[in-house]
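Asks: One file is attached below, input.txt, containing compact mmCIF, C-alpha atoms and all ligand atoms.
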# COMPACT_ATOMS: atom_id res chain seq x y z
CA MET F 1 -8.81 4.81 -28.10
CA ALA F 2 -9.41 6.35 -31.51
CA GLY F 3 -6.91 9.05 -32.41
CA ALA F 4 -4.80 8.82 -29.25
CA GLU F 5 -1.16 7.66 -29.37
CA PRO F 6 -0.91 4.14 -27.95
CA ILE F 7 0.79 3.96 -24.57
CA ARG F 8 3.63 1.45 -24.61
CA VAL F 9 4.38 -0.04 -21.21
CA GLY F 10 7.24 -2.23 -20.00
CA ILE F 11 6.78 -4.18 -16.77
CA VAL F 12 9.79 -5.18 -14.64
CA GLY F 13 9.22 -7.96 -12.09
CA LEU F 14 6.53 -10.50 -12.95
CA GLY F 15 5.67 -12.10 -9.63
CA GLY F 16 2.52 -12.12 -7.52
CA ILE F 17 1.54 -8.47 -7.58
CA ALA F 18 2.34 -7.95 -11.27
CA ARG F 19 0.07 -10.84 -12.19
CA ALA F 20 -2.72 -10.01 -9.73
CA GLN F 21 -3.04 -6.28 -10.35
CA HIS F 22 -0.68 -4.71 -12.88
CA VAL F 23 -1.01 -6.97 -15.94
CA PRO F 24 -4.84 -7.19 -15.59
CA GLY F 25 -4.91 -3.42 -15.04
CA TYR F 26 -3.17 -2.67 -18.36
CA LEU F 27 -5.28 -5.29 -20.16
CA MET F 28 -8.36 -3.36 -18.96
CA CYS F 29 -7.18 -0.13 -20.63
CA ASP F 30 -7.92 0.84 -24.21
CA GLY F 31 -5.01 2.11 -26.28
CA VAL F 32 -2.35 0.53 -24.05
CA GLU F 33 0.13 -2.06 -25.21
CA ILE F 34 2.22 -4.15 -22.83
CA ALA F 35 5.17 -3.84 -25.20
CA ALA F 36 7.87 -5.58 -23.15
CA LEU F 37 8.41 -7.65 -20.03
CA CYS F 38 11.47 -8.05 -17.84
CA ASP F 39 12.29 -10.58 -15.16
CA LEU F 40 15.36 -12.50 -14.03
CA ASN F 41 13.25 -15.64 -14.11
CA GLU F 42 12.68 -17.16 -17.55
CA ALA F 43 9.63 -19.16 -16.54
CA ALA F 44 7.95 -16.00 -15.20
CA LEU F 45 8.68 -14.23 -18.51
CA ARG F 46 7.18 -17.07 -20.53
CA GLU F 47 4.10 -17.37 -18.34
CA VAL F 48 3.25 -13.65 -18.26
CA ALA F 49 3.99 -13.23 -21.98
CA ARG F 50 1.48 -16.00 -22.63
CA ILE F 51 -1.14 -14.21 -20.49
CA CYS F 52 -0.72 -10.73 -21.96
CA GLY F 53 0.77 -11.32 -25.41
CA ALA F 54 3.78 -9.07 -24.83
CA PRO F 55 6.00 -9.37 -27.92
CA ARG F 56 9.43 -9.02 -26.26
CA CYS F 57 11.05 -10.28 -23.06
CA TYR F 58 14.23 -9.19 -21.29
CA ALA F 59 16.31 -10.44 -18.39
CA ASP F 60 18.06 -7.07 -18.10
CA TYR F 61 16.00 -3.93 -17.47
CA HIS F 62 18.77 -1.65 -18.83
CA GLU F 63 18.35 -3.31 -22.21
CA MET F 64 14.58 -3.06 -22.12
CA LEU F 65 14.74 0.65 -21.29
CA ALA F 66 17.33 1.29 -24.00
CA HIS F 67 15.62 -0.54 -26.86
CA GLU F 68 11.86 -0.40 -26.45
CA GLY F 69 10.77 3.23 -26.94
CA LEU F 70 8.39 2.86 -23.99
CA THR F 71 5.96 5.50 -22.74
CA ALA F 72 5.88 4.11 -19.21
CA VAL F 73 7.61 1.62 -16.96
CA ASP F 74 5.96 -0.37 -14.21
CA VAL F 75 8.24 -1.61 -11.41
CA CYS F 76 7.01 -4.71 -9.55
CA THR F 77 10.32 -6.09 -8.28
CA TRP F 78 11.37 -6.43 -4.68
CA PRO F 79 11.94 -3.10 -2.96
CA ASP F 80 15.75 -3.00 -3.34
CA MET F 81 15.40 -2.56 -7.12
CA HIS F 82 12.65 0.09 -7.07
CA HIS F 83 15.05 3.05 -6.85
CA PRO F 84 17.59 2.02 -9.52
CA ILE F 85 14.97 0.95 -12.06
CA ALA F 86 12.70 3.97 -11.50
CA MET F 87 15.59 6.45 -11.60
CA GLU F 88 16.87 5.05 -14.90
CA ALA F 89 13.36 5.04 -16.37
CA LEU F 90 12.76 8.66 -15.29
CA ALA F 91 16.15 9.69 -16.71
CA ARG F 92 15.02 8.21 -20.04
CA GLY F 93 11.77 10.20 -19.92
CA LYS F 94 9.38 7.37 -18.97
CA HIS F 95 6.38 7.78 -16.71
CA VAL F 96 6.79 5.34 -13.78
CA PHE F 97 4.43 3.29 -11.68
CA CYS F 98 6.23 1.61 -8.77
CA GLU F 99 5.19 -0.83 -6.10
CA LYS F 100 5.47 -0.03 -2.40
CA PRO F 101 7.51 0.58 -0.35
CA LEU F 102 8.72 3.22 -2.81
CA ALA F 103 12.36 2.70 -1.75
CA LEU F 104 14.51 1.25 1.00
CA THR F 105 14.99 4.65 2.65
CA TYR F 106 13.44 8.11 2.74
CA PRO F 107 16.43 9.83 1.03
CA LEU F 108 16.16 7.37 -1.88
CA ALA F 109 12.38 7.87 -2.09
CA ARG F 110 12.89 11.65 -2.05
CA GLU F 111 15.36 11.37 -4.93
CA MET F 112 12.76 9.43 -6.93
CA TYR F 113 10.08 12.02 -6.23
CA GLN F 114 12.39 14.93 -7.08
CA ALA F 115 13.53 13.28 -10.31
CA SER F 116 9.91 12.77 -11.41
CA VAL F 117 9.06 16.42 -10.70
CA ALA F 118 12.18 17.69 -12.48
CA ALA F 119 11.34 15.57 -15.54
CA GLY F 120 7.64 16.51 -15.48
CA LEU F 121 6.63 12.82 -15.59
CA LYS F 122 3.59 11.07 -14.10
CA THR F 123 4.02 8.58 -11.29
CA GLY F 124 1.95 6.05 -9.40
CA VAL F 125 2.54 3.95 -6.28
CA GLY F 126 0.85 0.66 -5.39
CA PHE F 127 -1.15 1.88 -2.40
CA THR F 128 -3.91 -0.39 -3.61
CA HIS F 129 -5.98 -0.29 -0.45
CA ARG F 130 -7.17 3.14 -1.55
CA GLN F 131 -9.17 1.10 -4.07
CA THR F 132 -11.02 -0.91 -1.43
CA PRO F 133 -14.62 0.36 -1.69
CA ALA F 134 -15.00 0.81 2.07
CA ALA F 135 -11.76 2.80 2.18
CA ARG F 136 -13.07 5.13 -0.54
CA PHE F 137 -16.29 5.56 1.43
CA ALA F 138 -14.34 6.33 4.62
CA HIS F 139 -12.31 8.91 2.69
CA ARG F 140 -15.51 10.60 1.55
CA ILE F 141 -17.04 10.65 5.05
CA ILE F 142 -13.92 12.04 6.73
CA ALA F 143 -13.24 14.59 3.98
CA SER F 144 -16.86 15.81 4.28
CA GLY F 145 -16.15 16.80 7.88
CA ALA F 146 -18.91 14.51 9.21
CA LEU F 147 -16.61 13.12 11.92
CA GLY F 148 -15.35 16.57 12.89
CA ALA F 149 -11.76 16.97 14.05
CA VAL F 150 -9.91 13.66 14.05
CA TYR F 151 -8.88 12.75 17.61
CA HIS F 152 -7.76 9.10 17.43
CA VAL F 153 -6.87 6.75 14.61
CA VAL F 154 -6.08 3.12 15.34
CA ALA F 155 -4.70 1.36 12.26
CA VAL F 156 -3.88 -2.35 12.24
CA TYR F 157 -2.47 -4.25 9.30
CA ALA F 158 -1.14 -7.66 10.23
CA SER F 159 -0.94 -11.25 9.13
CA GLY F 160 -0.13 -14.50 10.84
CA ARG F 161 0.40 -18.12 10.01
CA SER F 162 0.85 -20.83 12.59
CA ASP F 163 4.05 -22.00 10.86
CA TYR F 164 5.51 -18.49 10.81
CA GLN F 165 8.37 -19.34 13.14
CA TRP F 166 9.51 -22.15 10.80
CA LEU F 167 9.59 -20.12 7.59
CA PRO F 168 13.06 -20.14 6.01
CA ALA F 169 15.57 -17.32 5.77
CA THR F 170 14.98 -15.96 2.28
CA ARG F 171 16.34 -12.86 0.58
CA ARG F 172 12.94 -11.24 0.95
CA ARG F 173 13.30 -11.55 4.70
CA THR F 174 16.37 -9.29 4.80
CA ARG F 175 16.76 -5.60 5.36
CA ALA F 176 19.01 -5.28 2.30
CA VAL F 177 16.21 -6.44 0.00
CA THR F 178 13.00 -5.20 1.66
CA GLY F 179 14.14 -2.50 4.10
CA GLY F 180 12.14 -4.04 6.95
CA GLY F 181 9.60 -6.69 7.91
CA PRO F 182 5.88 -5.90 8.25
CA LEU F 183 6.87 -2.32 9.11
CA PHE F 184 7.94 -1.90 5.47
CA GLU F 185 5.67 -4.47 3.86
CA LEU F 186 2.38 -3.49 5.47
CA GLY F 187 3.20 -0.20 7.20
CA PRO F 188 3.30 2.05 4.12
CA HIS F 189 -0.27 1.11 3.19
CA MET F 190 -1.59 2.26 6.54
CA VAL F 191 0.46 5.44 6.81
CA ASP F 192 -0.84 6.28 3.35
CA MET F 193 -4.43 5.47 4.27
CA VAL F 194 -4.34 7.74 7.32
CA ARG F 195 -2.70 10.60 5.35
CA TRP F 196 -5.20 10.18 2.51
CA TRP F 197 -8.28 9.91 4.73
CA THR F 198 -7.45 12.77 7.05
CA GLY F 199 -5.51 15.08 4.72
CA GLU F 200 -3.06 15.41 7.61
CA GLU F 201 0.64 14.64 7.91
CA VAL F 202 2.42 12.71 10.63
CA THR F 203 4.44 15.25 12.62
CA ALA F 204 6.17 13.00 15.19
CA VAL F 205 6.57 9.30 15.94
CA CYS F 206 7.60 7.05 18.78
CA ALA F 207 8.01 3.46 17.69
CA GLN F 208 8.94 -0.02 18.82
CA THR F 209 9.82 -3.05 16.72
CA ARG F 210 10.47 -6.66 17.67
CA THR F 211 12.14 -9.56 15.94
CA TYR F 212 10.52 -12.49 17.70
CA VAL F 213 12.07 -15.20 15.53
CA LYS F 214 15.71 -14.27 15.83
CA GLN F 215 17.21 -16.94 13.58
CA ARG F 216 15.97 -18.78 10.52
CA ARG F 217 17.34 -21.62 8.43
CA LEU F 218 18.86 -20.98 5.00
CA PRO F 219 17.00 -23.26 2.56
CA GLU F 220 20.15 -23.91 0.51
CA THR F 221 22.50 -25.05 3.29
CA GLY F 222 20.33 -25.58 6.36
CA GLU F 223 22.53 -23.12 8.28
CA MET F 224 20.80 -20.94 10.91
CA VAL F 225 21.32 -17.21 10.27
CA ASP F 226 20.32 -14.07 12.16
CA VAL F 227 17.16 -12.24 11.05
CA ASP F 228 17.67 -8.49 10.62
CA VAL F 229 14.08 -7.34 10.02
CA ASP F 230 11.15 -6.86 12.39
CA ASP F 231 8.32 -9.36 12.90
CA GLY F 232 6.12 -6.67 14.43
CA ALA F 233 6.07 -2.89 14.81
CA VAL F 234 4.04 -0.37 16.80
CA ILE F 235 4.10 3.35 16.02
CA MET F 236 2.51 6.12 18.05
CA ALA F 237 2.15 9.21 15.91
CA ASP F 238 1.11 12.85 16.19
CA LEU F 239 -1.06 14.14 13.37
CA SER F 240 -0.86 17.68 12.05
CA GLY F 241 -4.50 18.33 12.98
CA GLY F 242 -3.78 17.70 16.67
CA GLY F 243 -4.96 14.09 16.91
CA THR F 244 -2.98 10.91 17.39
CA ALA F 245 -2.60 7.71 15.40
CA THR F 246 -1.44 4.26 16.46
CA PHE F 247 -0.16 1.88 13.82
CA ILE F 248 0.36 -1.84 14.41
CA ASN F 249 2.00 -3.89 11.68
CA SER F 250 2.81 -7.48 12.40
CA SER F 251 3.48 -10.90 10.92
CA VAL F 252 2.61 -12.73 14.14
CA PHE F 253 -1.16 -12.16 14.42
CA THR F 254 -1.57 -15.93 14.32
CA GLY F 255 -4.79 -16.99 12.66
CA ARG F 256 -5.46 -13.56 11.15
CA ASN F 257 -5.08 -13.60 7.40
CA PHE F 258 -4.15 -10.07 6.31
CA ASP F 259 -6.12 -8.45 9.05
CA GLN F 260 -6.59 -4.79 8.14
CA ARG F 261 -8.77 -2.61 10.37
CA VAL F 262 -8.85 1.12 10.97
CA GLU F 263 -10.90 2.98 13.56
CA VAL F 264 -11.31 6.74 13.43
CA TYR F 265 -12.75 8.75 16.32
CA GLY F 266 -13.50 12.42 15.76
CA SER F 267 -15.15 15.28 17.60
CA LYS F 268 -18.54 14.58 15.97
CA GLY F 269 -18.49 10.90 15.04
CA SER F 270 -16.53 7.78 14.32
CA LEU F 271 -16.12 4.98 11.83
CA LEU F 272 -14.83 1.43 11.81
CA TYR F 273 -13.28 0.05 8.62
CA ASP F 274 -12.43 -3.61 8.12
CA GLN F 275 -10.90 -5.00 4.95
CA ALA F 276 -12.78 -8.25 5.63
CA THR F 277 -16.06 -6.42 4.92
CA PRO F 278 -14.95 -4.28 1.98
CA PHE F 279 -18.41 -3.16 0.86
CA GLU F 280 -19.54 -1.60 4.12
CA LEU F 281 -18.45 0.56 7.04
CA ARG F 282 -19.71 0.95 10.57
CA VAL F 283 -20.39 4.64 11.06
CA CYS F 284 -21.64 6.89 13.81
CA VAL F 285 -22.18 10.47 12.77
CA GLY F 286 -23.51 12.95 15.21
CA GLN F 287 -25.32 13.32 18.52
CA GLU F 288 -28.70 12.36 17.04
CA MET F 289 -27.41 8.90 16.30
CA LEU F 290 -25.93 8.54 19.78
CA ASP F 291 -29.26 9.61 21.34
CA LEU F 292 -31.15 7.19 19.16
CA TRP F 293 -28.96 4.27 20.12
CA SER F 294 -28.79 5.12 23.80
CA GLY F 295 -32.43 4.05 24.14
CA TYR F 296 -31.71 0.81 22.37
CA GLY F 297 -29.65 -1.57 24.36
CA LEU F 298 -26.64 0.37 25.59
CA TYR F 299 -27.98 -0.17 29.09
CA ASP F 300 -29.47 -3.40 30.31
CA ALA F 301 -30.85 -3.38 33.88
CA ARG F 302 -30.11 -7.07 34.44
CA TYR F 303 -26.38 -6.71 33.82
CA GLY F 304 -25.70 -3.08 34.66
CA LEU F 305 -23.90 -1.16 31.96
CA HIS F 306 -23.82 -3.60 29.10
CA ARG F 307 -22.80 -2.91 25.54
CA ARG F 308 -25.29 -5.05 23.68
CA GLU F 309 -25.42 -2.68 20.74
CA GLU F 310 -23.19 0.16 19.70
CA PRO F 311 -24.28 3.29 17.89
CA LEU F 312 -22.27 2.25 14.85
CA PRO F 313 -24.71 0.77 12.35
CA VAL F 314 -23.47 -0.93 9.22
CA VAL F 315 -23.70 1.37 6.20
CA PRO F 316 -23.20 -0.11 2.72
CA VAL F 317 -20.80 1.59 0.32
CA PRO F 318 -22.85 3.73 -2.10
CA THR F 319 -23.05 2.21 -5.56
CA GLU F 320 -21.52 5.23 -7.27
CA ILE F 321 -18.32 4.74 -5.25
CA LEU F 322 -18.18 1.09 -6.28
CA ASP F 323 -18.89 1.99 -9.92
CA ALA F 324 -15.99 4.45 -9.94
CA ILE F 325 -13.40 1.77 -9.05
CA PRO F 326 -12.07 0.14 -12.22
CA GLY F 327 -12.94 -3.55 -12.37
CA ALA F 328 -14.66 -3.70 -8.96
CA ASP F 329 -18.12 -5.08 -8.36
CA GLN F 330 -20.02 -6.64 -5.47
CA ARG F 331 -18.45 -10.05 -5.98
CA ARG F 332 -14.91 -9.05 -6.72
CA LEU F 333 -12.29 -6.60 -5.55
CA MET F 334 -9.98 -5.45 -8.31
CA ARG F 335 -7.56 -3.17 -6.55
CA THR F 336 -5.41 -1.66 -9.25
CA PHE F 337 -4.39 1.93 -9.87
CA VAL F 338 -3.09 1.14 -13.35
CA PRO F 339 -6.14 2.65 -15.18
CA ASP F 340 -5.78 5.83 -13.10
CA PHE F 341 -2.06 5.98 -13.93
CA VAL F 342 -2.86 5.58 -17.64
CA ASP F 343 -5.46 8.36 -17.36
CA ALA F 344 -2.88 10.59 -15.62
CA ILE F 345 -0.43 10.00 -18.51
CA ARG F 346 -3.22 11.13 -20.86
CA GLY F 347 -3.53 14.32 -18.85
CA ARG F 348 -6.70 13.46 -16.92
CA GLU F 349 -6.72 14.37 -13.24
CA ARG F 350 -7.13 11.28 -11.03
CA PRO F 351 -7.66 12.52 -7.48
CA HIS F 352 -7.12 9.21 -5.66
CA LEU F 353 -4.04 8.06 -7.58
CA PRO F 354 -1.15 7.78 -5.09
CA THR F 355 2.02 9.31 -6.53
CA PHE F 356 5.73 9.27 -5.69
CA TYR F 357 4.97 12.18 -3.37
CA ASP F 358 2.72 9.91 -1.28
CA GLY F 359 5.26 7.08 -1.46
CA MET F 360 7.97 9.42 -0.22
CA ARG F 361 5.84 10.76 2.67
CA ALA F 362 5.02 7.22 3.82
CA GLN F 363 8.70 6.29 3.61
CA GLU F 364 9.63 9.26 5.74
CA VAL F 365 7.37 7.99 8.53
CA LEU F 366 8.96 4.52 8.34
CA ASP F 367 12.47 5.97 8.49
CA ALA F 368 11.44 8.13 11.45
CA ALA F 369 10.06 5.01 13.15
CA LEU F 370 13.36 3.16 12.68
CA LEU F 371 15.27 6.15 14.05
CA SER F 372 12.91 6.26 17.02
CA VAL F 373 13.56 2.56 17.72
CA ALA F 374 17.32 2.94 17.35
CA GLU F 375 17.52 5.94 19.68
CA ARG F 376 14.56 5.06 21.96
CA ARG F 377 12.97 8.51 21.60
CA TRP F 378 10.25 10.56 19.86
CA VAL F 379 11.32 11.73 16.39
CA ASP F 380 9.87 14.89 14.82
CA LEU F 381 8.97 15.13 11.14
CA PRO F 382 9.79 16.40 8.57
CA LEU F 383 13.13 14.60 8.88
N1 LIG A 1 0.31 -3.19 -3.42
C1 LIG A 1 0.14 -4.35 -2.82
O1 LIG A 1 -0.90 -4.62 -2.26
C2 LIG A 1 1.27 -5.35 -2.86
C3 LIG A 1 1.03 -6.70 -2.62
C4 LIG A 1 2.11 -7.60 -2.72
C5 LIG A 1 3.38 -7.14 -3.02
N2 LIG A 1 3.57 -5.79 -3.22
C6 LIG A 1 4.92 -5.26 -3.53
O2 LIG A 1 5.25 -5.65 -4.87
C7 LIG A 1 6.65 -5.89 -4.97
C8 LIG A 1 6.86 -7.31 -5.53
O3 LIG A 1 6.23 -8.23 -4.66
P1 LIG A 1 5.74 -9.67 -5.20
O4 LIG A 1 5.01 -10.26 -4.05
O5 LIG A 1 5.08 -9.55 -6.50
O6 LIG A 1 7.15 -10.39 -5.36
P2 LIG A 1 7.49 -11.71 -6.17
O7 LIG A 1 8.67 -12.32 -5.53
O8 LIG A 1 6.27 -12.54 -6.38
O9 LIG A 1 7.92 -11.12 -7.60
C9 LIG A 1 9.04 -10.29 -7.76
C10 LIG A 1 9.60 -10.58 -9.16
O10 LIG A 1 10.65 -9.62 -9.43
C11 LIG A 1 11.66 -10.31 -10.13
N3 LIG A 1 12.91 -9.54 -10.00
C12 LIG A 1 13.66 -9.33 -8.89
N4 LIG A 1 14.73 -8.57 -9.19
C13 LIG A 1 14.65 -8.29 -10.51
C14 LIG A 1 15.46 -7.54 -11.41
N5 LIG A 1 16.59 -6.93 -11.02
N6 LIG A 1 15.08 -7.47 -12.72
C15 LIG A 1 13.96 -8.09 -13.14
N7 LIG A 1 13.14 -8.82 -12.33
C16 LIG A 1 13.48 -8.91 -11.04
C17 LIG A 1 11.72 -11.69 -9.47
O11 LIG A 1 12.37 -12.64 -10.31
C18 LIG A 1 10.22 -11.97 -9.28
O12 LIG A 1 9.66 -12.66 -10.40
C19 LIG A 1 7.23 -5.67 -3.56
O13 LIG A 1 7.73 -4.37 -3.47
C20 LIG A 1 6.02 -5.83 -2.65
O14 LIG A 1 6.12 -5.08 -1.45
C21 LIG A 1 2.55 -4.92 -3.17
How does the structure come out when it is put into structure tokens?
Ligand SMILES: NC(=O)c1ccc[n+]([C@@H]2O[C@H](COP(=O)([O-])OP(=O)(O)OC[C@H]3O[C@@H](n4cnc5c(N)ncnc54)[C@H](O)[C@@H]3O)[C@@H](O)[C@H]2O)c1
Replies:
Amino acid sequence: MAGAEPIRVGIVGLGGIARAQHVPGYLMCDGVEIAALCDLNEAALREVARICGAPRCYADYHEMLAHEGLTAVDVCTWPDMHHPIAMEALARGKHVFCEKPLALTYPLAREMYQASVAAGLKTGVGFTHRQTPAARFAHRIIASGALGAVYHVVAVYASGRSDYQWLPATRRRTRAVTGGGPLFELGPHMVDMVRWWTGEEVTAVCAQTRTYVKQRRLPETGEMVDVDVDDGAVIMADLSGGGTATFINSSVFTGRNFDQRVEVYGSKGSLLYDQATPFELRVCVGQEMLDLWSGYGLYDARYGLHRREEPLPVVPVPTEILDAIPGADQRRLMRTFVPDFVDAIRGRERPHLPTFYDGMRAQEVLDAALLSVAERRWVDLPL
């Protein structure tokens, strides 16, 4: 960008998500230099440096932060390192983008948010599903009031592989490193989506978690060890607008590969979102639509009441929504918030960019869910 100071970014953690979304996101931006990379793994450093041309590599993030004169730091490590790296970066005056879950606990996430506010720095969180075109369309429909008051939300985000029970005990499958199982891995995305879509907060939760596979084998020694994170979680939640939400996050939806579906039922209409069809929604808005469909197959005399068709026609995502998502087109989803984060650093308002505030609010719901499980009771928020 002519005339503007270049933005110098350092990325910490160069695994799957850094390579899929963060590095390509910065490479898409004008006037941004990936100035330094940091990872404990030398091969990862070499490989990502080759892809993005970063001139310097570090194994120690303290050193990178001390020596590089960075504008911003992007944290893509496992969750246990999010808080220490982000706090040090903020203390050194860097804007910070951090992957989800923002931290291992709500108090740590709150500290990160408060530090960013106190320092007047920009933040971003990897709630990438806000960049799914159908999710953006759902946000627009709900925010327009077309569905009326939100009564029910049913939000599922789950995965499942048939060999799940045989997967080894790895550090990533421990509470100390990730904070939780699918509750922490997938849950924050859905809590965020419901907050973002409805503009409402979760005001109470009642949750249940299960660890179905209670022991796993350590790959190094073959020893069986106890698993201390959930394999599945269900949360019932009150929303501040008076409706309810149900969240299901699981790793044991066998045969479902990252199954993400959200249904919203309001006083005037409803919508069905499915990540598997990211360029369309099924939407019913208003009594006219219900009347129209009621003459068209809801009732079949041969079978009695028979739901051959539902009044939820498929509506494609408008092209201007698709055009507004950086790097997305009809053949490809490019779910990165990096360009929005860069714009925010340059002082441009980016209304959909999730910030540390959103990361903290999602974390609060997860902590409340764990408390609910531990004490077998409803837990009110704010905590
Ligand atoms: N937004 C999304 O849709 C999405 C998708 C996948 C993962 N994630 C999140 O991204 C984060 C990383 O996940 P991933 O799948 O990329 O993990 P990964 O294991 O592929 O990569 C993590 C990298 O961090 C490095 N690392 C760990 N500790 C470090 C330290 N102290 N200093 C430097 N490097 C360190 C590891 O060596 C590894 O290369 C997690 O928080 C995960 O929840 C988000």
Asks: Sorted by chain and rising residue number, list the residues of chain F at most 7 Å from ligand LIG 1 (chain A) (counting all atoms listed in the file), each with its closest atom pair and distance in Å to one decimal, as JSON lines.
Replies:
{"residue": "F:Val12", "atom": "CA", "partner": "A:LIG1", "partner_atom": "C15", "distance": 5.3}
{"residue": "F:Gly13", "atom": "CA", "partner": "A:LIG1", "partner_atom": "O10", "distance": 3.4}
{"residue": "F:Leu14", "atom": "CA", "partner": "A:LIG1", "partner_atom": "O12", "distance": 4.6}
{"residue": "F:Gly15", "atom": "CA", "partner": "A:LIG1", "partner_atom": "O9", "distance": 3.2}
{"residue": "F:Gly16", "atom": "CA", "partner": "A:LIG1", "partner_atom": "O5", "distance": 3.8}
{"residue": "F:Ile17", "atom": "CA", "partner": "A:LIG1", "partner_atom": "O5", "distance": 3.9}
{"residue": "F:Ala18", "atom": "CA", "partner": "A:LIG1", "partner_atom": "O5", "distance": 5.7}
{"residue": "F:Cys38", "atom": "CA", "partner": "A:LIG1", "partner_atom": "C15", "distance": 5.3}
{"residue": "F:Asp39", "atom": "CA", "partner": "A:LIG1", "partner_atom": "N7", "distance": 3.4}
{"residue": "F:Leu40", "atom": "CA", "partner": "A:LIG1", "partner_atom": "N7", "distance": 4.6}
{"residue": "F:Asn41", "atom": "CA", "partner": "A:LIG1", "partner_atom": "O11", "distance": 4.9}
{"residue": "F:Ala44", "atom": "CA", "partner": "A:LIG1", "partner_atom": "O12", "distance": 6.1}
{"residue": "F:Ala59", "atom": "CA", "partner": "A:LIG1", "partner_atom": "C15", "distance": 6.2}
{"residue": "F:Asp60", "atom": "CA", "partner": "A:LIG1", "partner_atom": "N6", "distance": 6.2}
{"residue": "F:Tyr61", "atom": "CA", "partner": "A:LIG1", "partner_atom": "N6", "distance": 6.0}
{"residue": "F:Cys76", "atom": "CA", "partner": "A:LIG1", "partner_atom": "C7", "distance": 4.7}
{"residue": "F:Thr77", "atom": "CA", "partner": "A:LIG1", "partner_atom": "O10", "distance": 3.7}
{"residue": "F:Trp78", "atom": "CA", "partner": "A:LIG1", "partner_atom": "O13", "distance": 4.4}
{"residue": "F:Pro79", "atom": "CA", "partner": "A:LIG1", "partner_atom": "O13", "distance": 4.4}
{"residue": "F:Met81", "atom": "CA", "partner": "A:LIG1", "partner_atom": "N5", "distance": 6.0}
{"residue": "F:Glu99", "atom": "CA", "partner": "A:LIG1", "partner_atom": "O2", "distance": 5.0}
{"residue": "F:Lys100", "atom": "CA", "partner": "A:LIG1", "partner_atom": "O13", "distance": 5.0}
{"residue": "F:Pro101", "atom": "CA", "partner": "A:LIG1", "partner_atom": "O13", "distance": 5.9}
{"residue": "F:Gly126", "atom": "CA", "partner": "A:LIG1", "partner_atom": "N1", "distance": 4.4}
{"residue": "F:Phe127", "atom": "CA", "partner": "A:LIG1", "partner_atom": "N1", "distance": 5.4}
{"residue": "F:Thr128", "atom": "CA", "partner": "A:LIG1", "partner_atom": "N1", "distance": 5.1}
{"residue": "F:His129", "atom": "CA", "partner": "A:LIG1", "partner_atom": "O1", "distance": 6.9}
{"residue": "F:Glu185", "atom": "CA", "partner": "A:LIG1", "partner_atom": "O14", "distance": 5.4}
Asks: Write out as a PyMOL selection string the residues lying within 10 Å of F:Ala66, counting only C-alpha atoms and excluding same-chain residues fewer than 4 positions away.
Replies: chain F and resi 61-62+70+88-89+92
Asks: I want to know what sits within 8 Å of F:Pro278, based on all atoms listed in the file, with residues of the same chain fewer than 5 positions away left out; could you give that as a count of residues only?
Replies: 4
Asks: Compare F:Asp74, F:Glu42, F:Glu280, F:Asp340 by their minimum atom-to-atom distance to F:Val314, counting only C-alpha atoms, and give me the closest one.
Replies: F:Glu280
Asks: Record the distance separating atom CA of F:Val262 and atom CA of F:Val317, expressed in Å with one decimal.
Replies: 16.0 Å
Asks: With all atoms listed in the file as the basis for distance, which of F:Ala158, F:Arg256, F:Leu353, F:Leu147 is at the shortest distance from F:Cys284?
Replies: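 The answer is F:Leu147, which sits nearest to F:Cys284.
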Asks: Do a neighbour search on F:Val373 at 8 Å with all atoms listed in the file, toss out local chain neighbours closer than 2 positions, and write the hits as a ChimeraX atom specification.
Replies: /F:206-209,369-371,375-377
Asks: Select, from F:Thr355, F:Arg361, F:Arg261, F:Thr254, the residue with the minimum atom-to-atom distance to F:Glu200, counting only C-alpha atoms.
Replies: F:Arg361
Asks: Might you pull out every residue within 9 Å of F:Val338, with only C-alpha atoms counted and same-chain residues fewer than 6 positions away left off, and present them as a PyMOL selection string?
Replies: chain F and resi 21-26+28-29+97+124+126
Asks: So, with all atoms listed in the file as the atoms that count, which of F:Val285, F:Val202, F:Pro313, F:Ala72 lies closest to F:Val379?
Replies: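 Distance minimum relative to F:Val379 lands on F:Val202.
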Asks: Rank nothing, just name the residue among F:Gly199, F:Ala138, F:Met224, F:Asp259 nearest to F:Leu186, using only C-alpha atoms.
Replies: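 Distance minimum relative to F:Leu186 lands on F:Asp259.
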Asks: Work out how far apart atom CA of F:Val96 and atom CA of F:Leu45 are and give it in Å to one decimal.
Replies: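 Straight-line distance from atom CA of F:Val96 to atom CA of F:Leu45 works out to 20.2 Å.
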Asks: State, in Å with one decimal place, the distance from atom CA of F:Ile248 to atom CA of F:Gly232.
Replies: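 So the answer is 7.5 Å.
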Asks: Give the answer as one residue: which of F:Asp323, F:Thr244, F:Lys122, F:Ala35 has the shortest atom-to-atom distance to F:Val342, using only C-alpha atoms?
Replies: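 When distances to F:Val342 are compared using only C-alpha atoms, the smallest one comes from F:Lys122.
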Asks: List as a PyMOL selection string the protein and nucleic acid residues near stretch 141-145 of chain F, meaning an atom at most 9 Å away when only C-alpha atoms are counted, but skip any in the same chain fewer than 2 places from it.
Replies: chain F and resi 136-139+147-150+197-199+264+268+271
Asks: So that I have them on file, write out the residues from the current selection with C-alpha atoms, as a compact mmCIF listing (two decimals), keeping the file's coordinate frame.
Replies:
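Resulting contents of again-v9.txt:
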# COMPACT_ATOMS: atom_id res chain seq x y z
CA ARG F 136 -13.07 5.13 -0.54
CA PHE F 137 -16.29 5.56 1.43
CA ALA F 138 -14.34 6.33 4.62
CA HIS F 139 -12.31 8.91 2.69
CA LEU F 147 -16.61 13.12 11.92
CA GLY F 148 -15.35 16.57 12.89
CA ALA F 149 -11.76 16.97 14.05
CA VAL F 150 -9.91 13.66 14.05
CA TRP F 197 -8.28 9.91 4.73
CA THR F 198 -7.45 12.77 7.05
CA GLY F 199 -5.51 15.08 4.72
CA VAL F 264 -11.31 6.74 13.43
CA LYS F 268 -18.54 14.58 15.97
CA LEU F 271 -16.12 4.98 11.83
